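Student: Quick one: the structure is below, questions incoming.
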Amino acid sequence: MTLLPFAVLVSLLICVATLTAMVLRSRAFGKRALHAAPVATATRGIVFAFGTGMLPWEKESARRHLFTYLAGIIYHVGVFTAAGYVSWRLVFGAPAGGSALLTVFLLPGVAAGVFLLLKRLFVRNMRRLSVPDDYISNLLVNYLLAASAVDAVTGTFTPGLYLAVILLLIYIPLGKIRHCVFFFYARYLLGRFHGRRGTWPKPDLNEDAS
Amino acid sequence: MTPSFPALTIMEAKIRQLTEKDLERALQVFRRSLDHEASAYLNSCVHCGLCDVSCHYFLTYHDLESMPAYKLKLVTDVFKGHFSRLGRTLPGLIGAKKLDHAMIRAWLDSLFGRCSLCGRCSINCSIGINITQLIRAARGALAAIGLVPPGLQSTVDTAIQKGNNMGIPREDWLETVEWLEEELQAEVDDPSARLPLDEPDVNLFYTINPREAMFFPLSILAAAKIFYAAGESWTFSRENYDVTNYGLYSGDDAVAGTLSNRLVESMLALKAGTLVLAECGHGFNSNRWEAPEWLSKHYPFPVKSVLEIVADYIRDGRIRLDPSRNSKTVTLHDPCNLVRLGGIIEEQRFILRHAVADFVEMTPNREKNYCCGGGGGQLAMTNFAERRLEAGRIKADQVRATGAEVVVTPCHNCIDQFMELNKHYQLGIEIKTVCEMVAEALILP
Ligand code: SF4
Ligand code: SF4
């Protein structure tokens, strides 16, 4: 048992180091200065990109794929819950009680993960778009959420949980879960792009009511 | 099984002749076009597929090849196959691919033939990937090996060689201006009214889409009439009046920079105050936003759309309009390059509210508008014309739903596409520019 938490920490270090190297490699592509004079501050666009710009009434793709969008949110809530639970477990040991309540977030997360997997398997375009990484990433996260739920209820599935964490941490830099880092940068960049150009957020219509 | 691409038949011989050296050159150009932003985008797609419904091609065909995520994947696969260690080691895991003849065909068919670079997928992407930017980078790699579809390439070549994309000889341009000047004088009943050429130290240096000179001279006249009514000091150039820049669509930054730089040089030579871009979506995006990056320079003068100028005239009371002269129901199409990618969103609405009696919005509109299908160089690429028209059905349906009799759009590319949609889908609409509506409503001093 003492070896497993240690292995989790080692895999966390490997994960962070590899992701850092990846970000540095990405930065090595070079930064270009922007020359066109902005019409508005990039900041407003960035705030919009991380806020309202992600909500279904602003984002048509979310609205028109509402079920998948909600599944994605539930899935991510599950992931953050699992991450919090595992961190607690590593630092403080088994929670004194009440951890079973976490299943409120973890089990819907598992269901959402399974839904997303089935969609990928059975919707033709999604299946054709997918590569092995899409399935592996999904299964590893589903396993983590399920293992967290079982351990949160029984308190006895810790080896299985730590194994899930180790596998996931090692895998993150290899596949699409690396978006845990790149998401923030990509969204920042798109927000800056539309912010400078004055597209995000939309101009206040009242400004122009004359 | 190798998929067949009938739309690429006219390019097949060229594709077959590609050598390893050509492919290497394309890769080098692709690599050079990437910076850390592009690299971040290329590492970010999660294959969620949510972007599919944002693309008018997908909404028309519902196939994998029309999904923005698939078009992006074609680019990321090559990026991973050549520029990522993991992609080279475990290509099967993440779908990394080499740039070979089959991939070149897929790039041509999807990145040129199923994309109008409208940017709608980017704002709808779950992550926020600027898909348009990456597709354009891949187009640039194809341009480097002479694989821009012929219609688009010849438009670019004509602009480079003849000074404007329609190849209008200088004498014809000067004659057109002279004739329009006479028309203006007659219309405003003032023999001193002018369409100035190469006038130094003026406020505005005005550019046009050469299609106006060739096919729609009345839209030039409309702008001239507005400038006259506002008492503006402005000029055309004898040489450099072409606002368009098809280098934006071919992906060739060097060519695009050369074209835009002509306007910069004329501006500086004439010491004009503001570079004013006519109603042309991609011309606006190119010259306002992209050209300073292509040329790596800060412009020492402002660059504005004519819509910003006209909106200011109305706000400042420099022109007065009578909307009852435009009594038909009018709707507005938002050109993607001007609105979503250009940030000119409310000016045209402000103007129309003053210039027409009955204005109705399309749904969706503004930065969420659907592309009409004419952007991305599609109008020039005749080999993809059938798709362009079919994908335009989304826009045709939008227009029908408004019940409008007139579609106004501040872009001559969009106007061309609307003229074809009008015929193809029997919409029975009139198609106008914003300035034409304003000129109609103008109360002359
Ligand atoms: S840029 Fe427009 S046309 Fe191209 S893939 Fe995206 S939504 Fe479709
Ligand atoms: S929405 Fe964005 S992340 Fe999702 S498949 Fe489309 S491009 Fe990829």
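Ordering of the structure tokens sets the chain letters (A, B, ...); residue numbers start at 1 within each chain; ligands are numbered from 1 in the order shown.
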Within 12 Å of Ala71 in chain A, counting only C-alpha atoms, which residues qualify if same-chain residues fewer than 4 places away don't, as a list of chain:residue names?

Tutor: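 Once the adjacent positions are removed, what remains is A:Ala62, A:His65, A:Leu66, A:Phe67, A:Tyr75, A:His76, A:Val77, A:Gly78, A:Pro108, A:Gly109, A:Val110, A:Ala111, A:Ala112, A:Gly113, A:Val114, A:Phe115, A:Leu116, A:Leu117, A:Lys119, B:Cys48.
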
Student: Could you turn the residues from that selection into a file that holds N, CA and C atoms, as a compact mmCIF listing (two decimals), in the first residue's frame?

Tutor:
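And here is the file that came out, part.txt:
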# COMPACT_ATOMS: atom_id res chain seq x y z
N ALA A 62 -23.21 24.31 -28.68
CA ALA A 62 -23.61 23.77 -27.38
C ALA A 62 -25.13 23.61 -27.32
N HIS A 65 -26.26 20.75 -29.61
CA HIS A 65 -25.82 19.44 -29.11
C HIS A 65 -25.98 19.45 -27.59
N LEU A 66 -27.13 19.92 -27.14
CA LEU A 66 -27.30 20.19 -25.71
C LEU A 66 -27.01 18.97 -24.84
N PHE A 67 -27.46 17.81 -25.27
CA PHE A 67 -27.28 16.60 -24.47
C PHE A 67 -25.79 16.28 -24.32
N TYR A 75 -19.41 15.19 -16.99
CA TYR A 75 -18.18 14.39 -17.05
C TYR A 75 -17.04 15.14 -16.36
N HIS A 76 -16.91 16.42 -16.72
CA HIS A 76 -15.81 17.20 -16.15
C HIS A 76 -16.01 17.47 -14.66
N VAL A 77 -17.26 17.65 -14.24
CA VAL A 77 -17.53 17.80 -12.80
C VAL A 77 -17.06 16.53 -12.08
N GLY A 78 -17.37 15.39 -12.70
CA GLY A 78 -16.92 14.11 -12.13
C GLY A 78 -15.40 14.04 -12.02
N PRO A 108 -22.93 10.20 -11.95
CA PRO A 108 -23.38 10.84 -13.20
C PRO A 108 -22.21 11.04 -14.17
N GLY A 109 -21.03 11.28 -13.59
CA GLY A 109 -19.83 11.43 -14.43
C GLY A 109 -19.56 10.16 -15.21
N VAL A 110 -19.68 9.01 -14.53
CA VAL A 110 -19.47 7.72 -15.21
C VAL A 110 -20.52 7.55 -16.31
N ALA A 111 -21.78 7.86 -15.96
CA ALA A 111 -22.86 7.70 -16.94
C ALA A 111 -22.60 8.60 -18.16
N ALA A 112 -22.15 9.83 -17.89
CA ALA A 112 -21.86 10.75 -18.99
C ALA A 112 -20.72 10.20 -19.84
N GLY A 113 -19.71 9.67 -19.19
CA GLY A 113 -18.56 9.11 -19.91
C GLY A 113 -18.99 7.96 -20.81
N VAL A 114 -19.87 7.10 -20.27
CA VAL A 114 -20.35 5.96 -21.06
C VAL A 114 -21.19 6.47 -22.24
N PHE A 115 -22.00 7.49 -21.98
CA PHE A 115 -22.82 8.07 -23.07
C PHE A 115 -21.91 8.59 -24.19
N LEU A 116 -20.86 9.32 -23.79
CA LEU A 116 -19.96 9.89 -24.81
C LEU A 116 -19.24 8.77 -25.58
N LEU A 117 -18.93 7.71 -24.88
CA LEU A 117 -18.27 6.57 -25.54
C LEU A 117 -19.22 5.92 -26.55
N LYS A 119 -21.77 7.26 -27.99
CA LYS A 119 -21.98 8.17 -29.12
C LYS A 119 -20.83 8.04 -30.11
N CYS B 48 -14.68 16.08 -30.20
CA CYS B 48 -16.03 16.00 -29.61
C CYS B 48 -17.10 16.11 -30.68

Student: Could you please extract the residues within 7 Å of ligand 2, counting only C-alpha atoms and all ligand atoms, and hand them back as an MDAnalysis selection string?

Tutor: chainID B and resid 44:52 68:69 72 124:129 131

Student: May I have the residues from that selection written out with N, CA and C atoms, as a short mmCIF file (atom, residue, chain, number, x, y, z; two decimals), in the first residue's frame?

Tutor:
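Saved the output as selection36.cif:
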data_model
loop_
_atom_site.label_atom_id
_atom_site.label_comp_id
_atom_site.auth_asym_id
_atom_site.auth_seq_id
_atom_site.Cartn_x
_atom_site.Cartn_y
_atom_site.Cartn_z
N SER B 44 -4.94 20.66 -29.56
CA SER B 44 -6.07 20.86 -28.66
C SER B 44 -7.36 20.12 -28.98
N CYS B 45 -7.56 19.68 -30.21
CA CYS B 45 -8.87 19.12 -30.56
C CYS B 45 -9.14 17.83 -29.79
N VAL B 46 -10.36 17.71 -29.25
CA VAL B 46 -10.72 16.51 -28.48
C VAL B 46 -11.69 15.62 -29.25
N HIS B 47 -11.89 15.94 -30.53
CA HIS B 47 -12.79 15.14 -31.39
C HIS B 47 -14.18 14.98 -30.77
N CYS B 48 -14.68 16.08 -30.20
CA CYS B 48 -16.03 16.00 -29.61
C CYS B 48 -17.10 16.11 -30.68
N GLY B 49 -16.75 16.68 -31.83
CA GLY B 49 -17.69 16.77 -32.95
C GLY B 49 -18.75 17.85 -32.81
N LEU B 50 -18.69 18.66 -31.78
CA LEU B 50 -19.74 19.66 -31.57
C LEU B 50 -19.75 20.76 -32.64
N CYS B 51 -18.62 20.93 -33.29
CA CYS B 51 -18.53 22.00 -34.29
C CYS B 51 -19.28 21.66 -35.58
N ASP B 52 -19.71 20.42 -35.75
CA ASP B 52 -20.26 20.03 -37.06
C ASP B 52 -21.40 20.94 -37.52
N PRO B 68 -16.09 20.41 -39.73
CA PRO B 68 -14.90 21.21 -39.43
C PRO B 68 -13.83 20.39 -38.69
N ALA B 69 -14.28 19.52 -37.78
CA ALA B 69 -13.32 18.72 -37.02
C ALA B 69 -12.50 17.82 -37.94
N LEU B 72 -10.01 20.02 -39.79
CA LEU B 72 -8.93 20.31 -38.85
C LEU B 72 -8.04 19.08 -38.66
N ASN B 124 -17.56 28.36 -32.47
CA ASN B 124 -18.39 27.31 -31.90
C ASN B 124 -17.59 26.13 -31.36
N CYS B 125 -16.29 26.19 -31.49
CA CYS B 125 -15.46 25.06 -31.03
C CYS B 125 -15.47 24.98 -29.51
N SER B 126 -15.62 23.76 -28.99
CA SER B 126 -15.65 23.56 -27.54
C SER B 126 -14.38 24.09 -26.88
N ILE B 127 -13.28 23.96 -27.59
CA ILE B 127 -12.00 24.36 -27.01
C ILE B 127 -11.71 25.82 -27.33
N GLY B 128 -11.96 26.21 -28.55
CA GLY B 128 -11.64 27.58 -28.97
C GLY B 128 -10.54 27.58 -30.02
N ILE B 129 -10.50 26.53 -30.81
CA ILE B 129 -9.43 26.42 -31.81
C ILE B 129 -9.75 27.31 -33.01
N ILE B 131 -9.81 27.28 -36.17
CA ILE B 131 -9.75 26.26 -37.23
C ILE B 131 -9.43 26.93 -38.57
#

Student: Near Asn125 in chain A, within 9 Å and counting only C-alpha atoms, which residues show up once chain neighbours fewer than 4 positions away are dropped, as a list in words?

Tutor: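 The neighbour list is Arg120, Leu129 and Ser130 of chain A; Gly49, His62, Asp63, Leu64 and Met67 of chain B.
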
Student: Could those selected residues go to a file with N, CA and C atoms, as a CSV table (one decimal), in the first residue's frame?

Tutor:
chain,number,residue,atom,x,y,z
A,120,ARG,N,-19.6,8.0,-29.6
A,120,ARG,CA,-18.5,7.8,-30.5
A,120,ARG,C,-18.5,6.5,-31.2
A,129,LEU,N,-14.4,9.8,-37.3
A,129,LEU,CA,-13.5,10.9,-36.8
A,129,LEU,C,-12.5,10.4,-35.8
A,130,SER,N,-12.9,9.3,-35.1
A,130,SER,CA,-12.1,8.9,-33.9
A,130,SER,C,-10.9,8.1,-34.2
B,49,GLY,N,-16.7,16.7,-31.8
B,49,GLY,CA,-17.7,16.8,-32.9
B,49,GLY,C,-18.8,17.9,-32.8
B,62,HIS,N,-24.0,16.6,-44.4
B,62,HIS,CA,-24.0,15.7,-43.3
B,62,HIS,C,-22.9,14.6,-43.3
B,63,ASP,N,-21.9,14.8,-44.0
B,63,ASP,CA,-20.8,13.8,-44.1
B,63,ASP,C,-19.6,14.2,-43.4
B,64,LEU,N,-18.7,13.2,-43.1
B,64,LEU,CA,-17.5,13.4,-42.3
B,64,LEU,C,-16.6,14.4,-43.0
B,67,MET,N,-17.3,18.0,-42.0
B,67,MET,CA,-17.2,18.4,-40.6
B,67,MET,C,-15.9,19.3,-40.4

Student: Can you build me a table of chain A residues sitting at most 6 Å from chain B, with the closest atom pair per residue and its distance in Å to one decimal, using only C-alpha atoms, sorted by chain and residue number, as a Markdown table?

Tutor:
| residue | atom | partner | partner_atom | distance |
| --- | --- | --- | --- | --- |
| A:Ser26 | CA | B:His36 | CA | 5.3 |
| A:Arg27 | CA | B:His36 | CA | 4.8 |
| A:Phe29 | CA | B:Asp35 | CA | 4.7 |
| A:Gly30 | CA | B:Asp35 | CA | 5.0 |
| A:Lys31 | CA | B:His36 | CA | 5.8 |
| A:His35 | CA | B:His298 | CA | 5.0 |
| A:Ala36 | CA | B:Pro292 | CA | 5.3 |
| A:Lys59 | CA | B:Asn124 | CA | 5.8 |
| A:Ser61 | CA | B:Asn124 | CA | 5.5 |
| A:Asn125 | CA | B:Leu64 | CA | 5.3 |
| A:Val131 | CA | B:Gly95 | CA | 5.8 |
| A:Pro132 | CA | B:Leu93 | CA | 5.3 |
| A:Asp133 | CA | B:Leu93 | CA | 5.5 |
| A:Lys176 | CA | B:Val46 | CA | 5.7 |
| A:His179 | CA | B:Ser44 | CA | 5.2 |
| A:Phe182 | CA | B:Ser44 | CA | 5.7 |
| A:Phe183 | CA | B:Ile127 | CA | 5.5 |
| A:Ala186 | CA | B:Gly128 | CA | 5.6 |
| A:Arg187 | CA | B:Gly128 | CA | 4.7 |
| A:Leu190 | CA | B:Gly128 | CA | 5.8 |
| A:Arg197 | CA | B:Gly343 | CA | 5.1 |
| A:Gly198 | CA | B:Gly343 | CA | 4.9 |
| A:Thr199 | CA | B:Gly343 | CA | 4.7 |

Student: Name all residues at most 10 Å from Pro159 in chain A (count only C-alpha atoms; drop same-chain ones fewer than 5 positions away) and give them as a ChimeraX atom specification.

Tutor: /A:1,4-5,147,151,164-165

Student: Given the choices B:Val243, B:Met381, B:Cys371, B:Leu352, which gets closest to ligand 1 if the distance is worked out from only C-alpha atoms and all ligand atoms?

Tutor: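 Residue with the minimum atom-to-atom distance to ligand 1: B:Cys371.
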
Student: Excluding Ala40 in chain A and its own-chain neighbours fewer than 2 positions away, which residues fall within 12 Å of it when counting only C-alpha atoms? Please give them as a list in words.

Tutor: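 Neighbouring residues, sequence-local ones excluded: Ala36, Ala37, Pro38, Ala42, Thr43, Arg44, Gly45, Ile46, Gly191, Arg192, Phe193, His194, Gly195, Arg196, Arg197, Gly198, Thr199, Trp200, Pro201, Lys202 and Pro203 of chain A; Gly343 of chain B.
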
Student: Next, dump the selected residues to file, keeping only N, CA, C and O atoms, as an mmCIF file, in the first residue's frame.

Tutor:
data_model
loop_
_atom_site.group_PDB
_atom_site.id
_atom_site.type_symbol
_atom_site.label_atom_id
_atom_site.label_comp_id
_atom_site.auth_asym_id
_atom_site.auth_seq_id
_atom_site.Cartn_x
_atom_site.Cartn_y
_atom_site.Cartn_z
ATOM 1 N N ALA A 36 -1.591 44.878 -36.368
ATOM 2 C CA ALA A 36 -2.831 45.596 -36.680
ATOM 3 C C ALA A 36 -3.340 46.283 -35.415
ATOM 4 O O ALA A 36 -3.374 45.675 -34.340
ATOM 5 N N ALA A 37 -3.748 47.545 -35.561
ATOM 6 C CA ALA A 37 -4.221 48.290 -34.386
ATOM 7 C C ALA A 37 -5.551 47.720 -33.905
ATOM 8 O O ALA A 37 -6.485 47.595 -34.695
ATOM 9 N N PRO A 38 -5.642 47.335 -32.623
ATOM 10 C CA PRO A 38 -6.903 46.757 -32.132
ATOM 11 C C PRO A 38 -7.995 47.815 -32.035
ATOM 12 O O PRO A 38 -7.702 48.989 -31.855
ATOM 13 N N ALA A 42 -8.136 43.304 -25.821
ATOM 14 C CA ALA A 42 -8.191 41.852 -25.914
ATOM 15 C C ALA A 42 -8.847 41.267 -24.667
ATOM 16 O O ALA A 42 -9.537 40.244 -24.725
ATOM 17 N N THR A 43 -8.665 41.949 -23.528
ATOM 18 C CA THR A 43 -9.136 41.406 -22.250
ATOM 19 C C THR A 43 -10.634 41.103 -22.270
ATOM 20 O O THR A 43 -11.060 40.046 -21.791
ATOM 21 N N ARG A 44 -11.404 42.014 -22.858
ATOM 22 C CA ARG A 44 -12.855 41.798 -22.878
ATOM 23 C C ARG A 44 -13.196 40.535 -23.666
ATOM 24 O O ARG A 44 -14.079 39.767 -23.288
ATOM 25 N N GLY A 45 -12.475 40.320 -24.738
ATOM 26 C CA GLY A 45 -12.693 39.120 -25.541
ATOM 27 C C GLY A 45 -12.303 37.862 -24.782
ATOM 28 O O GLY A 45 -12.977 36.828 -24.862
ATOM 29 N N ILE A 46 -11.211 37.971 -24.029
ATOM 30 C CA ILE A 46 -10.732 36.805 -23.276
ATOM 31 C C ILE A 46 -11.735 36.449 -22.175
ATOM 32 O O ILE A 46 -12.081 35.282 -21.977
ATOM 33 N N GLY A 191 -10.099 34.250 -27.631
ATOM 34 C CA GLY A 191 -10.687 35.422 -26.981
ATOM 35 C C GLY A 191 -9.924 36.679 -27.342
ATOM 36 O O GLY A 191 -10.510 37.729 -27.638
ATOM 37 N N ARG A 192 -8.598 36.568 -27.385
ATOM 38 C CA ARG A 192 -7.777 37.729 -27.742
ATOM 39 C C ARG A 192 -8.038 38.134 -29.199
ATOM 40 O O ARG A 192 -8.188 39.314 -29.516
ATOM 41 N N PHE A 193 -8.110 37.128 -30.062
ATOM 42 C CA PHE A 193 -8.358 37.372 -31.494
ATOM 43 C C PHE A 193 -9.647 38.176 -31.682
ATOM 44 O O PHE A 193 -9.662 39.232 -32.315
ATOM 45 N N HIS A 194 -10.745 37.674 -31.110
ATOM 46 C CA HIS A 194 -12.032 38.341 -31.315
ATOM 47 C C HIS A 194 -12.174 39.594 -30.454
ATOM 48 O O HIS A 194 -12.919 40.502 -30.815
ATOM 49 N N GLY A 195 -11.474 39.633 -29.354
ATOM 50 C CA GLY A 195 -11.505 40.822 -28.503
ATOM 51 C C GLY A 195 -10.868 42.008 -29.210
ATOM 52 O O GLY A 195 -11.428 43.101 -29.266
ATOM 53 N N ARG A 196 -9.687 41.792 -29.785
ATOM 54 C CA ARG A 196 -8.988 42.876 -30.490
ATOM 55 C C ARG A 196 -9.810 43.377 -31.665
ATOM 56 O O ARG A 196 -9.779 44.543 -32.020
ATOM 57 N N ARG A 197 -10.509 42.459 -32.308
ATOM 58 C CA ARG A 197 -11.272 42.830 -33.510
ATOM 59 C C ARG A 197 -12.654 43.392 -33.179
ATOM 60 O O ARG A 197 -13.373 43.819 -34.067
ATOM 61 N N GLY A 198 -13.021 43.324 -31.910
ATOM 62 C CA GLY A 198 -14.292 43.911 -31.518
ATOM 63 C C GLY A 198 -15.497 43.015 -31.768
ATOM 64 O O GLY A 198 -16.635 43.470 -31.760
ATOM 65 N N THR A 199 -15.251 41.738 -32.016
ATOM 66 C CA THR A 199 -16.374 40.820 -32.243
ATOM 67 C C THR A 199 -16.885 40.237 -30.934
ATOM 68 O O THR A 199 -18.073 39.969 -30.787
ATOM 69 N N TRP A 200 -15.976 39.990 -30.015
ATOM 70 C CA TRP A 200 -16.332 39.469 -28.691
ATOM 71 C C TRP A 200 -15.947 40.490 -27.642
ATOM 72 O O TRP A 200 -14.806 40.947 -27.655
ATOM 73 N N PRO A 201 -16.754 40.843 -26.709
ATOM 74 C CA PRO A 201 -18.183 40.550 -26.739
ATOM 75 C C PRO A 201 -18.871 41.447 -27.743
ATOM 76 O O PRO A 201 -18.280 42.437 -28.192
ATOM 77 N N LYS A 202 -20.101 41.102 -28.075
ATOM 78 C CA LYS A 202 -20.875 41.905 -29.020
ATOM 79 C C LYS A 202 -20.933 43.346 -28.529
ATOM 80 O O LYS A 202 -21.052 43.573 -27.331
ATOM 81 N N PRO A 203 -20.881 44.323 -29.446
ATOM 82 C CA PRO A 203 -21.031 45.703 -28.989
ATOM 83 C C PRO A 203 -22.382 45.872 -28.297
ATOM 84 O O PRO A 203 -23.346 45.200 -28.662
ATOM 85 N N GLY B 343 -15.174 42.518 -37.269
ATOM 86 C CA GLY B 343 -15.629 43.372 -36.167
ATOM 87 C C GLY B 343 -16.526 44.528 -36.580
ATOM 88 O O GLY B 343 -16.890 45.357 -35.753
#

Student: Using only C-alpha atoms, determine which residues lie at most 8 Å from Leu195 in chain B, disregarding the query and same-chain residues fewer than 5 positions distant; provide the list as a tab-separated table (two decimals) with N, CA and C atoms, in the first residue's frame.

Tutor:
chain	number	residue	atom	x	y	z
B	177	VAL	N	-14.06	55.98	-64.62
B	177	VAL	CA	-14.12	57.07	-63.63
B	177	VAL	C	-14.66	58.34	-64.28
B	178	GLU	N	-14.17	58.60	-65.49
B	178	GLU	CA	-14.60	59.81	-66.20
B	178	GLU	C	-16.11	59.76	-66.48
B	180	LEU	N	-18.34	57.95	-64.90
B	180	LEU	CA	-19.09	58.04	-63.64
B	180	LEU	C	-19.12	59.47	-63.12
B	181	GLU	N	-18.05	60.20	-63.36
B	181	GLU	CA	-18.02	61.60	-62.92
B	181	GLU	C	-19.12	62.40	-63.63
B	224	ALA	N	-19.64	57.67	-54.41
B	224	ALA	CA	-19.22	59.03	-54.81
B	224	ALA	C	-20.30	60.05	-54.44
B	235	THR	N	-10.09	60.63	-52.65
B	235	THR	CA	-9.52	60.33	-53.97
B	235	THR	C	-9.52	58.84	-54.26
B	236	PHE	N	-9.52	58.53	-55.54
B	236	PHE	CA	-9.18	57.20	-56.03
B	236	PHE	C	-7.72	57.23	-56.43

Student: To test your reading of the structure, identify every residue in chain A that backbone DSSP assigns to alpha helix (DSSP H), and report it as a ChimeraX atom specification.

Tutor: /A:3-27,42-50,60-64,66-92,103-122,124-129,132-154,158-171,179-197

Student: Identify which of the residues B:Ala138, B:Ala391, B:Ala13, B:Leu147 lies closest to ligand 1, counting only C-alpha atoms and all ligand atoms when measuring atom-to-atom distances.

Tutor: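 Of B:Ala138, B:Ala391, B:Ala13, B:Leu147, the one nearest ligand 1 is B:Ala391, counting only C-alpha atoms and all ligand atoms.
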
Student: Taking only C-alpha atoms into account, name the residue in A:Leu144, A:Leu70, A:Ile170, A:Val150 that is nearest to Pro56 in chain A.

Tutor: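 So, comparing all the options, the nearest one is A:Leu70.
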
Student: Rounded to one decimal in Å, what is the spacing between CA of Ser4 in chain B and CA of Arg387 in chain B?

Tutor: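 Separation of CA of Ser4 in chain B and CA of Arg387 in chain B: 15.8 Å.
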
Student: Just checking: using only C-alpha atoms and all ligand atoms, which residue out of B:Ile309, B:Met214, B:Leu263, B:Cys372 ends up closest to ligand 1?

Tutor: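 Once distances to ligand 1 are computed over only C-alpha atoms and all ligand atoms, the minimum belongs to B:Cys372.
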